Amino acid sequence: MRHLLVICVAGLAFGLAACDQVEDSATAAAAPLPAVGVAPAMNREVTPSFDFVARVEAIDSVDLEARVTGFLVGRNFEEGATVQQGDLLFRIEPGPYEAAVAARQAELARTEATLVNATQQRERMEPLVRREAQPQARLDELIAAEGEATANRDGARAALDRALIDLGYTEITAPFTGRIGRAAFAEGAVVGPGSGPLARLVRLDPIFVTIPVTDRAMIAVRRTEDPASQFRPYLRLGDGTTFDEPGRFAFIDPQVDTTTDTVRVRAEFENDAELLLPGQFVTVTIRAVEPETALVIPQIAVQQDQAGRMVLTLDENNVVQITRVTMGERVDTDWVVEGGLTLGQTVIVDGLQKARPGMTVQPVAVTDYAGS
């Protein structure tokens, strides 16, 4: 009887356990699928653009230096002012150089008179030699004297030209319109070729912006037929303000800088308000003129691991899958897809933390991508 009672109790316990398992399975089968927000990969018109940190450079800048030695007797500008091309900026004492010019002019006159006399003597001697009234040797001497007088005349003329050039160097004028910096010497100082710069003159309008463009961006630009006409550079200052008018490309380096893997591109901007100064950092956006159609997905759908970027997609049975993608540029809240997805393919944009590869989920279409 004891054995029979033990067997009955054990059977009852086994039956109760089996009932519990059946109830748990039924409960699990009845549980709803986790809901995730989804959106399709779609085409939209985008304007390709690339942002770069660039540096402002002057189109023209020059150090003004003295080319002759003398006392500085004039400084005809205000430091930091705008000067016009041809304005007189510095004046070196001209007296010694004016005297040198006068001396060279006198020397030229003397040699010209000597040449006239030598020519006349040669002309008078020629008929005498033809009549054999004078020896040929005498005529040869006069011809040589005339040649020597000609050489002396030419040398004096060259010396006068040099003296005039030195006299011209006593006045230092602006080679172009620009902003002049601080003067390094006051009036009365002795300056010369070894004194160093007297001041620096910089052209501010227009002005260059040098852009280190990544090789990837340059490949996208070079694939177009005419990059200069299909892309425009736009400028943004440090306070967030932008130039209304785009610049123009003035120079593209034909080689890649191996230390930075960038290509140096130079753009020219109008700077009549002189907001840009050489050495200043700015942000340049290189933007396409015409929009193009591209496949995009919301940025929040993109994840990244050690293998690269990926998104979670759904197959026709709403099963979560990992899809590796190649991404292009960001456009507003979207991201251009360059590879890995097709038009209309469903990606998860909300509830990513609830989705696991291989899991079946309940998709819910969303248009607001503020979720995560």
# chains A, B, ... in the order shown; residues from 1 in each chain; ligands from 1
>>> residues_around(residues="Pro212 (chain A)", least_positions_apart="3", cutoff="9 Å", atoms="only C-alpha atoms", output="PyMOL selection string")
chain A and resi 52-55+260-266
>>> write_last_selection(atoms="C-alpha atoms", output="PDB file, in the first residue's frame")
ATOM      1  CA  PHE A  52      36.128  72.064 -45.209  1.00  0.00           C
ATOM      2  CA  VAL A  53      38.082  74.267 -42.833  1.00  0.00           C
ATOM      3  CA  ALA A  54      40.127  76.655 -44.968  1.00  0.00           C
ATOM      4  CA  ARG A  55      42.603  79.492 -44.503  1.00  0.00           C
ATOM      5  CA  THR A 260      47.631  65.125 -45.434  1.00  0.00           C
ATOM      6  CA  ASP A 261      46.078  63.160 -48.343  1.00  0.00           C
ATOM      7  CA  THR A 262      44.406  66.358 -49.518  1.00  0.00           C
ATOM      8  CA  VAL A 263      44.421  68.423 -52.690  1.00  0.00           C
ATOM      9  CA  ARG A 264      44.967  72.159 -52.325  1.00  0.00           C
ATOM     10  CA  VAL A 265      42.201  74.141 -53.978  1.00  0.00           C
ATOM     11  CA  ARG A 266      42.185  77.939 -54.117  1.00  0.00           C
TER      12      ARG A 266
END
>>> select_by_dssp(residues="region 133-370 of chain A", states="helix (DSSP H, G or I)", output="NGL selection string")
:A and (136-168 or 215-222 or 227-230 or 299-301 or 352-354)
>>> atom_distance(atom1="CA of Val366 (chain A)", atom2="CA of Asp332 (chain A)")
17.4 Å
>>> residues_around(residues="region 35-40 of chain A", least_positions_apart="6", cutoff="7 Å", atoms="only C-alpha atoms", output="ChimeraX atom specification")
/A:344-351,361-366
>>> select_by_dssp(residues="region 257-318 of chain A", states="strand (DSSP E)", output="ChimeraX atom specification")
/A:262-269,281-288,292-298,303-305,308-314
>>> atom_distance(atom1="CA of Val209 (chain A)", atom2="CA of Gln230 (chain A)")
18.9 Å
>>> closest_residue(among="A:Thr150, A:Thr333, A:Asn271, A:Gln280", to="Ala113 (chain A)", atoms="only C-alpha atoms")
A:Thr150
>>> closest_residue(among="A:Thr170, A:Thr241, A:Ser49, A:Gln321", to="Pro96 (chain A)", atoms="only C-alpha atoms")
A:Thr170
>>> residues_around(residues="Glu146 (chain A)", least_positions_apart="4", cutoff="8 Å", atoms="only C-alpha atoms", output="list in words")
Leu115, Ala118, Thr119, Arg122, Leu142 and Thr150 of chain A
>>> write_last_selection(atoms="C-alpha atoms", output="CSV table (one decimal), in the first residue's frame")
chain,number,residue,atom,x,y,z
A,115,LEU,CA,82.7,111.3,-80.8
A,118,ALA,CA,86.6,111.8,-84.0
A,119,THR,CA,84.0,111.3,-86.8
A,122,ARG,CA,88.0,110.4,-90.0
A,142,LEU,CA,91.4,107.8,-86.8
A,150,THR,CA,81.6,105.6,-79.6
>>> closest_residue(among="A:Gln134, A:Thr111, A:Thr173, A:Thr342", to="Asn76 (chain A)", atoms="only C-alpha atoms")
A:Thr173
>>> closest_residue(among="A:Ala100, A:Ala355, A:Ile172, A:Val284", to="Leu201 (chain A)", atoms="only C-alpha atoms")
A:Ile172
>>> closest_residue(among="A:Pro34, A:Leu341, A:Ala189, A:Glu123", to="Val320 (chain A)", atoms="only C-alpha atoms")
A:Pro34
>>> closest_residue(among="A:Val282, A:Leu275, A:Ile143, A:Val325", to="Ile297 (chain A)", atoms="only C-alpha atoms")
A:Val325
>>> atom_distance(atom1="CA of Gly358 (chain A)", atom2="CA of Asn317 (chain A)")
10.6 Å
